[in-house]
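Enquirer: File follows, work.pdb with PDB, C-alpha atoms:
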ATOM      1  CA  MET A 919     201.797 212.651  62.601
ATOM      2  CA  ALA A 920     197.997 212.167  62.852
ATOM      3  CA  PHE A 921     195.867 214.708  61.001
ATOM      4  CA  SER A 922     194.064 215.693  64.229
ATOM      5  CA  THR A 923     197.381 216.432  65.967
ATOM      6  CA  LEU A 924     198.647 218.439  62.995
ATOM      7  CA  LEU A 925     195.392 220.420  62.856
ATOM      8  CA  ALA A 926     195.463 221.176  66.571
ATOM      9  CA  SER A 927     199.050 222.367  66.314
ATOM     10  CA  SER A 928     198.274 224.668  63.396
ATOM     11  CA  LEU A 929     195.287 226.183  65.201
ATOM     12  CA  ARG A 930     197.074 226.949  68.476
ATOM     13  CA  PRO A 931     198.168 230.505  67.560
ATOM     14  CA  THR A 932     194.676 231.374  66.292
ATOM     15  CA  LEU A 933     192.911 229.944  69.346
ATOM     16  CA  ALA A 934     195.335 231.696  71.684
ATOM     17  CA  ALA A 935     194.780 234.988  69.875
ATOM     18  CA  LEU A 936     191.012 234.637  70.221
ATOM     19  CA  HIS A 937     191.345 233.821  73.912
ATOM     20  CA  TRP A 938     193.633 236.811  74.489
ATOM     21  CA  ALA A 939     191.270 239.146  72.634
ATOM     22  CA  ALA A 940     188.352 237.948  74.762
ATOM     23  CA  CYS A 941     190.299 238.775  77.935
ATOM     24  CA  ARG A 942     191.454 242.235  76.877
ATOM     25  CA  GLN A 943     188.421 244.064  78.265
ATOM     26  CA  CYS A 944     188.789 242.646  81.777
ATOM     27  CA  ARG A 945     192.495 243.526  81.847
ATOM     28  CA  GLY A 946     191.989 247.139  80.870
ATOM     29  CA  LEU A 947     193.515 246.607  77.440
ATOM     30  CA  SER A 948     190.585 247.547  75.228
ATOM     31  CA  THR A 949     191.035 250.109  72.478
ATOM     32  CA  PRO A 950     188.588 252.165  70.459
ATOM     33  CA  GLN A 951     187.077 250.351  67.505
ATOM     34  CA  GLY A 952     189.111 250.814  64.366
ATOM     35  CA  SER A 953     192.373 251.672  66.108
ATOM     36  CA  GLU A 954     195.436 249.495  66.510
ATOM     37  CA  PRO A 955     195.781 247.679  69.852
ATOM     38  CA  SER A 956     198.068 249.678  72.143
ATOM     39  CA  LEU A 957     199.245 248.838  75.649
ATOM     40  CA  ASN A 958     200.492 251.479  78.041
ATOM     41  CA  LEU A 959     203.800 250.185  79.415
ATOM     42  CA  GLY A 960     204.361 253.244  81.589
ATOM     43  CA  GLY A 961     205.424 252.359  85.126
ATOM     44  CA  ILE A 962     207.577 249.935  87.058
ATOM     45  CA  PHE A 963     207.781 246.196  86.413
ATOM     46  CA  PRO A 964     209.819 243.968  88.744
ATOM     47  CA  PRO A 965     211.417 241.053  86.888
ATOM     48  CA  LEU A 966     210.439 238.416  89.406
ATOM     49  CA  ALA A 967     212.994 236.135  90.973
ATOM     50  CA  THR A 968     211.920 232.491  90.730
ATOM     51  CA  PRO A 969     211.832 230.944  94.220
ATOM     52  CA  PHE A 970     213.329 227.509  94.669
ATOM     53  CA  SER A 971     213.068 225.070  97.552
ATOM     54  CA  PRO A 972     216.176 223.732  99.318
ATOM     55  CA  THR A 973     216.043 220.836  96.824
ATOM     56  CA  GLN A 974     216.009 223.358  93.935
ATOM     57  CA  GLU A 975     212.424 222.704  92.861
ATOM     58  CA  VAL A 976     210.247 225.685  91.928
ATOM     59  CA  ASP A 977     208.506 226.687  95.171
ATOM     60  CA  TYR A 978     205.063 227.829  94.054
ATOM     61  CA  ALA A 979     203.845 228.466  97.610
ATOM     62  CA  GLN A 980     206.695 230.917  98.200
ATOM     63  CA  LEU A 981     206.055 232.503  94.793
ATOM     64  CA  GLU A 982     202.435 233.086  95.778
ATOM     65  CA  GLY A 983     203.581 234.531  99.110
ATOM     66  CA  ASN A 984     205.843 237.038  97.383
ATOM     67  CA  LEU A 985     203.033 237.984  95.013
ATOM     68  CA  ARG A 986     200.745 238.730  97.966
ATOM     69  CA  ARG A 987     203.374 241.066  99.400
ATOM     70  CA  TYR A 988     203.881 242.801  96.051
ATOM     71  CA  ALA A 989     200.120 243.350  95.681
ATOM     72  CA  SER A 990     200.224 246.510  97.835
ATOM     73  CA  ILE A 991     202.896 248.156  95.637
ATOM     74  CA  PRO A 992     201.647 250.228  92.666
ATOM     75  CA  PHE A 993     203.490 248.296  89.979
ATOM     76  CA  ARG A 994     202.234 248.556  86.391
ATOM     77  CA  GLY A 995     202.686 244.827  86.116
ATOM     78  CA  LEU A 996     205.164 241.998  86.540
ATOM     79  CA  VAL A 997     207.810 240.348  84.375
ATOM     80  CA  VAL A 998     208.315 236.618  84.720
ATOM     81  CA  LEU A 999     211.057 234.489  83.194
ATOM     82  CA  GLY A1000     213.483 237.296  82.578
ATOM     83  CA  SER A1001     217.171 237.155  83.408
ATOM     84  CA  ASN A1002     216.464 237.549  87.140
ATOM     85  CA  GLY A1003     213.971 234.693  86.977
ATOM     86  CA  GLU A1004     216.780 232.228  86.139
ATOM     87  CA  TYR A1005     214.924 231.603  82.897
ATOM     88  CA  PRO A1006     217.694 229.518  81.254
ATOM     89  CA  TYR A1007     217.606 227.087  84.189
ATOM     90  CA  LEU A1008     213.888 226.299  83.958
ATOM     91  CA  ALA A1009     212.418 223.460  81.909
ATOM     92  CA  SER A1010     209.735 224.374  79.371
ATOM     93  CA  ARG A1011     207.045 222.852  81.576
ATOM     94  CA  GLU A1012     208.195 224.914  84.559
ATOM     95  CA  ARG A1013     208.210 228.107  82.511
ATOM     96  CA  VAL A1014     204.568 227.679  81.561
ATOM     97  CA  GLU A1015     203.561 226.697  85.108
ATOM     98  CA  VAL A1016     205.245 229.792  86.574
ATOM     99  CA  VAL A1017     203.332 232.045  84.169
ATOM    100  CA  SER A1018     200.056 230.312  85.046
ATOM    101  CA  CYS A1019     200.733 230.688  88.768
ATOM    102  CA  VAL A1020     201.496 234.404  88.480
ATOM    103  CA  ARG A1021     198.507 235.073  86.223
ATOM    104  CA  ARG A1022     196.121 233.521  88.751
ATOM    105  CA  ALA A1023     197.428 235.801  91.489
ATOM    106  CA  LEU A1024     197.829 239.009  89.505
ATOM    107  CA  PRO A1025     194.988 241.562  89.363
ATOM    108  CA  ARG A1026     193.441 241.628  85.919
ATOM    109  CA  ASP A1027     194.369 245.255  85.313
ATOM    110  CA  HIS A1028     198.074 244.515  85.856
ATOM    111  CA  LEU A1029     200.129 243.467  82.863
ATOM    112  CA  LEU A1030     202.021 240.197  82.806
ATOM    113  CA  LEU A1031     205.120 240.140  80.596
ATOM    114  CA  ALA A1032     206.639 236.704  80.073
ATOM    115  CA  GLY A1033     210.046 235.812  78.690
ATOM    116  CA  SER A1034     209.733 233.547  75.662
ATOM    117  CA  GLY A1035     212.954 234.067  73.737
ATOM    118  CA  CYS A1036     214.749 230.940  72.543
ATOM    119  CA  GLU A1037     217.701 230.419  70.246
ATOM    120  CA  SER A1038     215.633 229.364  67.238
ATOM    121  CA  THR A1039     212.749 231.266  65.697
ATOM    122  CA  GLN A1040     210.544 228.167  65.695
ATOM    123  CA  ALA A1041     211.103 227.453  69.382
ATOM    124  CA  THR A1042     210.484 231.108  70.244
ATOM    125  CA  ILE A1043     207.158 231.099  68.413
ATOM    126  CA  GLU A1044     206.057 227.863  70.079
ATOM    127  CA  LEU A1045     206.948 229.098  73.562
ATOM    128  CA  THR A1046     205.341 232.487  72.912
ATOM    129  CA  VAL A1047     202.065 230.776  72.009
ATOM    130  CA  SER A1048     202.324 228.698  75.191
ATOM    131  CA  MET A1049     202.890 231.839  77.259
ATOM    132  CA  ALA A1050     199.812 233.461  75.735
ATOM    133  CA  GLU A1051     197.742 230.381  76.532
ATOM    134  CA  ALA A1052     199.038 230.491  80.124
ATOM    135  CA  GLY A1053     197.827 234.074  80.532
ATOM    136  CA  ALA A1054     200.691 236.360  79.531
ATOM    137  CA  ASP A1055     199.685 239.723  78.075
ATOM    138  CA  VAL A1056     203.017 240.461  76.401
ATOM    139  CA  ALA A1057     205.948 238.327  75.254
ATOM    140  CA  LEU A1058     209.417 239.576  76.199
ATOM    141  CA  VAL A1059     211.787 238.157  73.590
ATOM    142  CA  VAL A1060     215.517 238.246  74.229
ATOM    143  CA  THR A1061     217.971 238.313  71.331
ATOM    144  CA  PRO A1062     219.213 234.889  70.211
ATOM    145  CA  CYS A1063     222.949 234.907  70.837
ATOM    146  CA  TYR A1064     224.556 231.462  70.741
ATOM    147  CA  TYR A1065     225.650 232.084  67.146
ATOM    148  CA  ARG A1066     226.133 235.784  67.797
ATOM    149  CA  GLY A1067     228.607 236.168  64.943
ATOM    150  CA  ALA A1068     225.785 235.345  62.529
ATOM    151  CA  MET A1069     223.228 237.571  64.246
ATOM    152  CA  THR A1070     223.338 240.372  61.713
ATOM    153  CA  THR A1071     220.751 243.125  61.550
ATOM    154  CA  ALA A1072     219.028 241.287  58.698
ATOM    155  CA  ALA A1073     218.959 237.994  60.608
ATOM    156  CA  LEU A1074     217.533 239.611  63.734
ATOM    157  CA  VAL A1075     214.915 241.585  61.811
ATOM    158  CA  HIS A1076     213.809 238.362  60.120
ATOM    159  CA  HIS A1077     213.698 236.511  63.463
ATOM    160  CA  TYR A1078     211.631 239.118  65.260
ATOM    161  CA  THR A1079     209.360 239.721  62.291
ATOM    162  CA  GLU A1080     208.501 236.030  62.176
ATOM    163  CA  VAL A1081     207.843 236.024  65.927
ATOM    164  CA  GLY A1082     205.758 239.191  65.719
ATOM    165  CA  ASP A1083     203.710 237.796  62.839
ATOM    166  CA  ALA A1084     202.976 234.529  64.649
ATOM    167  CA  SER A1085     202.533 235.766  68.203
ATOM    168  CA  PRO A1086     198.963 236.005  69.499
ATOM    169  CA  ILE A1087     200.089 238.671  71.997
ATOM    170  CA  PRO A1088     202.193 241.816  71.579
ATOM    171  CA  VAL A1089     205.968 241.466  71.611
ATOM    172  CA  VAL A1090     208.565 243.524  73.474
ATOM    173  CA  LEU A1091     212.158 243.231  72.277
ATOM    174  CA  TYR A1092     214.790 242.525  74.924
ATOM    175  CA  SER A1093     218.398 243.663  74.586
ATOM    176  CA  VAL A1094     220.660 242.620  77.483
ATOM    177  CA  PRO A1095     224.275 242.730  76.268
ATOM    178  CA  ALA A1096     225.709 241.786  79.679
ATOM    179  CA  ASN A1097     224.180 238.316  79.229
ATOM    180  CA  THR A1098     224.065 237.896  75.466
ATOM    181  CA  GLY A1099     227.306 239.639  74.500
ATOM    182  CA  MET A1100     225.509 241.745  71.902
ATOM    183  CA  ASP A1101     223.247 244.766  71.562
ATOM    184  CA  LEU A1102     220.170 244.602  69.399
ATOM    185  CA  PRO A1103     221.344 246.931  66.608
ATOM    186  CA  MET A1104     219.699 250.337  66.393
ATOM    187  CA  GLU A1105     218.817 249.736  62.744
ATOM    188  CA  ALA A1106     216.969 246.574  63.706
ATOM    189  CA  VAL A1107     215.047 248.338  66.487
ATOM    190  CA  ILE A1108     213.941 251.140  64.158
ATOM    191  CA  THR A1109     212.775 248.660  61.518
ATOM    192  CA  LEU A1110     211.000 246.387  63.999
ATOM    193  CA  ALA A1111     209.232 249.318  65.670
ATOM    194  CA  GLN A1112     207.134 249.557  62.501
ATOM    195  CA  HIS A1113     205.714 246.075  63.037
ATOM    196  CA  PRO A1114     202.143 246.353  64.373
ATOM    197  CA  ASN A1115     202.643 243.593  66.933
ATOM    198  CA  ILE A1116     206.030 244.762  68.273
ATOM    199  CA  ILE A1117     205.255 247.444  70.826
ATOM    200  CA  GLY A1118     208.512 248.193  72.620
ATOM    201  CA  ILE A1119     211.951 247.278  73.835
ATOM    202  CA  LYS A1120     213.505 246.620  77.210
ATOM    203  CA  ASP A1121     217.055 247.939  76.919
ATOM    204  CA  SER A1122     219.421 246.917  79.702
ATOM    205  CA  GLY A1123     222.616 248.221  78.143
ATOM    206  CA  GLY A1124     222.656 251.514  80.024
ATOM    207  CA  ASP A1125     223.637 253.678  77.045
ATOM    208  CA  ILE A1126     221.426 256.733  77.546
ATOM    209  CA  THR A1127     222.406 258.232  74.196
ATOM    210  CA  ARG A1128     221.229 255.034  72.483
ATOM    211  CA  MET A1129     217.975 255.015  74.455
ATOM    212  CA  GLY A1130     217.247 258.644  73.636
ATOM    213  CA  LEU A1131     217.899 257.981  69.964
ATOM    214  CA  MET A1132     215.540 254.999  70.054
ATOM    215  CA  VAL A1133     212.792 257.175  71.490
ATOM    216  CA  HIS A1134     213.457 259.847  68.866
ATOM    217  CA  LYS A1135     213.670 257.507  65.884
ATOM    218  CA  THR A1136     210.524 255.549  66.806
ATOM    219  CA  ARG A1137     208.395 258.533  67.868
ATOM    220  CA  GLN A1138     205.983 258.059  64.941
ATOM    221  CA  GLU A1139     205.360 254.423  65.860
ATOM    222  CA  ASP A1140     203.302 252.692  68.541
ATOM    223  CA  PHE A1141     206.514 251.785  70.329
ATOM    224  CA  GLN A1142     207.795 252.331  73.876
ATOM    225  CA  VAL A1143     211.264 252.132  75.402
ATOM    226  CA  LEU A1144     211.704 250.559  78.844
ATOM    227  CA  ALA A1145     214.782 251.088  80.987
ATOM    228  CA  GLY A1146     216.286 247.775  82.010
ATOM    229  CA  SER A1147     217.867 248.922  85.265
ATOM    230  CA  ALA A1148     217.146 251.091  88.298
ATOM    231  CA  SER A1149     220.601 252.641  88.047
ATOM    232  CA  PHE A1150     219.661 254.755  85.033
ATOM    233  CA  LEU A1151     215.896 255.015  85.469
ATOM    234  CA  LEU A1152     215.775 258.798  85.959
ATOM    235  CA  ALA A1153     218.119 259.413  83.036
ATOM    236  CA  SER A1154     215.987 257.143  80.866
ATOM    237  CA  TYR A1155     212.838 259.067  81.736
ATOM    238  CA  ALA A1156     214.628 262.313  80.935
ATOM    239  CA  VAL A1157     215.158 261.131  77.336
ATOM    240  CA  GLY A1158     211.626 259.779  76.945
ATOM    241  CA  ALA A1159     211.507 256.201  78.245
ATOM    242  CA  SER A1160     208.049 255.000  79.259
ATOM    243  CA  GLY A1161     208.868 252.787  82.224
ATOM    244  CA  GLY A1162     211.360 250.467  83.815
ATOM    245  CA  VAL A1163     211.940 246.756  84.308
ATOM    246  CA  CYS A1164     214.199 246.901  87.352
ATOM    247  CA  ALA A1165     215.677 244.007  89.338
ATOM    248  CA  LEU A1166     215.860 246.211  92.431
ATOM    249  CA  ALA A1167     212.052 246.478  92.395
ATOM    250  CA  ASN A1168     212.009 242.947  93.831
ATOM    251  CA  VAL A1169     213.525 244.495  96.962
ATOM    252  CA  LEU A1170     212.670 248.222  96.941
ATOM    253  CA  GLY A1171     209.452 248.287  94.965
ATOM    254  CA  ASP A1172     207.849 251.261  96.705
ATOM    255  CA  PRO A1173     210.878 253.569  96.326
ATOM    256  CA  LEU A1174     211.140 252.754  92.627
ATOM    257  CA  CYS A1175     207.442 253.471  92.111
ATOM    258  CA  GLN A1176     207.995 256.738  93.985
ATOM    259  CA  LEU A1177     210.867 257.596  91.640
ATOM    260  CA  ASP A1178     208.591 256.861  88.693
ATOM    261  CA  HIS A1179     205.943 259.159  90.212
ATOM    262  CA  LEU A1180     208.387 262.004  90.874
ATOM    263  CA  CYS A1181     209.696 261.889  87.310
ATOM    264  CA  ARG A1182     206.193 261.977  85.858
ATOM    265  CA  LYS A1183     205.329 264.958  88.066
ATOM    266  CA  GLY A1184     208.472 266.804  87.026
ATOM    267  CA  GLN A1185     209.830 266.886  90.580
ATOM    268  CA  TRP A1186     213.360 266.415  89.366
ATOM    269  CA  GLN A1187     215.288 267.453  92.481
ATOM    270  CA  GLU A1188     213.451 264.968  94.682
ATOM    271  CA  ALA A1189     213.769 262.369  91.927
ATOM    272  CA  ARG A1190     217.511 262.949  91.665
ATOM    273  CA  ASP A1191     218.004 262.588  95.414
ATOM    274  CA  LEU A1192     216.116 259.289  95.411
ATOM    275  CA  GLN A1193     217.891 258.033  92.290
ATOM    276  CA  HIS A1194     221.266 258.619  93.946
ATOM    277  CA  ARG A1195     220.302 256.361  96.873
ATOM    278  CA  LEU A1196     219.255 253.562  94.532
ATOM    279  CA  ILE A1197     222.365 253.331  92.358
ATOM    280  CA  GLU A1198     224.699 251.420  94.685
ATOM    281  CA  PRO A1199     222.060 248.930  95.938
ATOM    282  CA  ASN A1200     221.047 248.266  92.346
ATOM    283  CA  MET A1201     224.623 247.684  91.249
ATOM    284  CA  ALA A1202     225.056 245.309  94.184
ATOM    285  CA  VAL A1203     222.087 243.091  93.212
ATOM    286  CA  THR A1204     222.955 243.102  89.524
ATOM    287  CA  ARG A1205     226.512 243.310  88.217
ATOM    288  CA  ARG A1206     228.276 242.931  91.607
ATOM    289  CA  PHE A1207     226.510 239.952  93.216
ATOM    290  CA  GLY A1208     223.881 239.022  90.637
ATOM    291  CA  ILE A1209     220.842 236.895  91.397
ATOM    292  CA  PRO A1210     222.311 235.358  94.590
ATOM    293  CA  GLY A1211     222.704 238.921  95.892
ATOM    294  CA  LEU A1212     219.201 239.865  94.797
ATOM    295  CA  LYS A1213     217.683 236.880  96.577
ATOM    296  CA  LYS A1214     219.663 237.557  99.764
ATOM    297  CA  ALA A1215     218.520 241.188  99.810
ATOM    298  CA  MET A1216     214.894 240.138  99.295
ATOM    299  CA  GLU A1217     215.012 238.245 102.577
ATOM    300  CA  TRP A1218     215.958 241.397 104.509
ATOM    301  CA  PHE A1219     212.824 243.145 103.239
ATOM    302  CA  GLY A1220     210.270 240.453 104.025
ATOM    303  CA  TYR A1221     210.273 238.434 100.817
ATOM    304  CA  TYR A1222     211.329 234.879 100.137
ATOM    305  CA  GLY A1223     214.643 234.774  98.294
ATOM    306  CA  GLY A1224     215.929 231.280  98.854
ATOM    307  CA  PRO A1225     218.604 229.467  96.886
ATOM    308  CA  CYS A1226     219.461 229.774  93.224
ATOM    309  CA  ARG A1227     219.674 226.787  90.938
ATOM    310  CA  ALA A1228     223.121 225.373  90.388
ATOM    311  CA  PRO A1229     225.566 226.297  89.068
ATOM    312  CA  LEU A1230     224.739 229.720  90.574
ATOM    313  CA  ALA A1231     226.374 229.650  94.010
ATOM    314  CA  PRO A1232     225.287 231.405  97.222
ATOM    315  CA  LEU A1233     227.183 234.415  98.520
ATOM    316  CA  SER A1234     230.042 233.985 100.927
ATOM    317  CA  PRO A1235     229.694 235.513 104.434
ATOM    318  CA  ALA A1236     232.018 238.334 103.382
ATOM    319  CA  GLN A1237     229.891 239.056 100.320
ATOM    320  CA  VAL A1238     226.720 239.063 102.417
ATOM    321  CA  GLU A1239     228.277 241.618 104.745
ATOM    322  CA  GLU A1240     229.353 243.811 101.835
ATOM    323  CA  LEU A1241     225.843 243.614 100.373
ATOM    324  CA  ARG A1242     224.246 244.557 103.685
ATOM    325  CA  SER A1243     226.650 247.470 104.121
ATOM    326  CA  THR A1244     225.688 248.802 100.690
ATOM    327  CA  PHE A1245     221.998 248.904 101.600
ATOM    328  CA  SER A1246     222.737 250.352 105.048
ATOM    329  CA  ALA A1247     225.005 253.093 103.700
ATOM    330  CA  ASN A1248     222.194 254.325 101.470
ATOM    331  CA  GLY A1249     219.608 254.368 104.230
ATOM    332  CA  TRP A1250     217.610 251.271 103.354
ATOM    333  CA  LEU A1251     218.549 249.089 106.328
TER
END
Is it possible to give me this structure as structure tokens?
Expert:
Amino acid sequence: MAFSTLLASSLRPTLAALHWAACRQCRGLSTPQGSEPSLNLGGIFPPLATPFSPTQEVDYAQLEGNLRRYASIPFRGLVVLGSNGEYPYLASRERVEVVSCVRRALPRDHLLLAGSGCESTQATIELTVSMAEAGADVALVVTPCYYRGAMTTAALVHHYTEVGDASPIPVVLYSVPANTGMDLPMEAVITLAQHPNIIGIKDSGGDITRMGLMVHKTRQEDFQVLAGSASFLLASYAVGASGGVCALANVLGDPLCQLDHLCRKGQWQEARDLQHRLIEPNMAVTRRFGIPGLKKAMEWFGYYGGPCRAPLAPLSPAQVEELRSTFSANGWL
């Protein structure tokens, strides 16, 4: 390898960090001199669905159209390349291009969280640096799971520590046992919360006791817990979660922001009534019908859903009818 290429590669994390620091003021991320950088993750983040054309290419025009429609909703920010973004089905080049596209359209005071978790530590670091260069404010790093039997607490702490050390942007841990087959162990979360560049966790497991314990055990750290589903958003707030990354926000963004508002105001009866109406639609676009269901529901509310990438298959007519009935029964259609 030429010396110039090697030098450029070694400088990428440093250059990305300098670029990110220069942009912090315009994104509302500045902190008082002498204090540790701290981002407020409080609020709702939709994990964006990636739109594809009929030929299964990323449809950037439709992505931009959805972003224009989301601009009127008081989201705290957006998540790209999460589970609902069909992240495993995108090439590395596409992942970076999607982040760049969203960053250009997103107001500067809105946070952009980008999925950068890979199976190896080295690949995760490289992609995280690329996401920072493309404009991401925070890296969302899912647990490596292919060799899940070897993913001990010690192995995961080492992995995330290396990523946190090398990342030019803050890191949020991502535990999604429905997809990975494993929870990020509590002991690992508590240890990693002490890392100055690891600022939170998105927990999609739905164990409220676990989430409350995370909040309690990390209360002395600059660390925030995000609910990973609309189904348990209210319960998560009740035990101290800061915000939510909710698939249903792709469809019902305003109601989820209203639920967030009611919880913060302590209007628990109104919040409970709204939460009840969101549970079945959320289950339908997640565990019941998955991303094909989410994309179908988006179309009923004025967004572009479109096809998924193979091998994810479209819903059958009977499934579409069941999905529609679920939204109708809860007063959304």
Enquirer: Nearest to A:Met1069: which of A:Gln1193, A:Thr1204, A:Thr1042, A:Thr1098 is it, counting only C-alpha atoms?
Expert: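 Among the listed residues, the smallest separation from A:Met1069 belongs to A:Thr1098.
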Enquirer: With 12 Å as the cut-off and all atoms listed in the file counted, what is the closest atom pair between each nearby residue of stretch 1140-1228 of chain A and stretch 1085-1092 of chain A? Distances in Å to one decimal, ordered by chain and number, as JSON lines.
Expert:
{"residue": "A:Asp1140", "atom": "CA", "partner": "A:Pro1088", "partner_atom": "CA", "distance": 11.3}
{"residue": "A:Phe1141", "atom": "CA", "partner": "A:Val1090", "partner_atom": "CA", "distance": 9.1}
{"residue": "A:Gln1142", "atom": "CA", "partner": "A:Val1090", "partner_atom": "CA", "distance": 8.8}
{"residue": "A:Val1143", "atom": "CA", "partner": "A:Val1090", "partner_atom": "CA", "distance": 9.2}
{"residue": "A:Leu1144", "atom": "CA", "partner": "A:Val1090", "partner_atom": "CA", "distance": 9.4}
{"residue": "A:Ala1145", "atom": "CA", "partner": "A:Tyr1092", "partner_atom": "CA", "distance": 10.5}
{"residue": "A:Gly1146", "atom": "CA", "partner": "A:Tyr1092", "partner_atom": "CA", "distance": 8.9}
{"residue": "A:Val1163", "atom": "CA", "partner": "A:Tyr1092", "partner_atom": "CA", "distance": 10.7}
Enquirer: Could you tell me, as number ranges by chain, exactly which residues end up selected when the PyMOL selection byres ((chain A and resi 1001-1016) around 6) is applied to this structure?
Expert: A: 966-968, 999-1000, 1017-1019
Enquirer: If we count all atoms listed in the file and set the cut-off at 10 Å, which residues sit around A:Gly1123, ignoring sequence neighbours fewer than 2 positions away in its own chain? Please answer as a PyMOL selection string.
Expert: chain A and resi 1093-1096+1100-1102+1120-1121+1125-1126+1128-1129+1145-1147+1150
Enquirer: Skip A:Leu1166 itself and residues of its chain fewer than 5 positions away, then list as a ChimeraX atom specification all residues within 9 Å of it, counting all atoms listed in the file.
Expert: /A:964-965,1147-1148,1171,1174,1196,1199-1201,1203-1204,1212
Enquirer: For A:Phe963, list every protein, DNA or RNA residue within 10 Å, evaluated using all atoms listed in the file, and leave out those in the same chain fewer than 4 positions away; present the list as a list in words.
Expert: Leu959, Pro992, Phe993, Arg994, Gly995, Leu996, Val997, Val998, His1028, Leu1029, Leu1030, Leu1031, Leu1144, Gly1146, Gly1161, Gly1162, Val1163, Cys1164, Ala1165, Ala1167, Asn1168, Gly1171, Leu1174 and Cys1175 of chain A
Enquirer: May I ask which of the residues A:Leu1251, A:Ala1231, A:Leu1180, A:Ala1054 is the closest one to A:Ala1215, counting all atoms listed in the file?
Expert: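 Among the listed residues, A:Leu1251 lies closest to A:Ala1215.
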Enquirer: Which residues are near A:Glu1240? Cut-off 9 Å, all atoms listed in the file, ignore same chain within fewer than 5 positions. Put them as a ChimeraX atom specification.
Expert: /A:1202,1235,1245
Enquirer: Evaluate the PyMOL selection byres ((chain A and resi 1084) around 9) here and jot the selected residues down as a count of residues only.
Expert: 12
Enquirer: Any idea what the distance is between atom CA of A:Gly961 and atom CA of A:Glu1105?
Expert: 26.2 Å
Enquirer: Residue by residue, what does the PyMOL selection byres ((chain A and resi 1139) around 12) grab here? Present the result as a list in words.
Expert: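 Selected by the PyMOL selection byres ((chain A and resi 1139) around 12) in this file: Glu954, Ser956, Val1107, Ile1108, Thr1109, Leu1110, Ala1111, Gln1112, His1113, Pro1114, Asn1115, Ile1116, Ile1117, Gly1118, Met1132, Val1133, His1134, Lys1135, Thr1136, Arg1137, Gln1138, Asp1140, Phe1141, Gln1142 and Val1143 of chain A.
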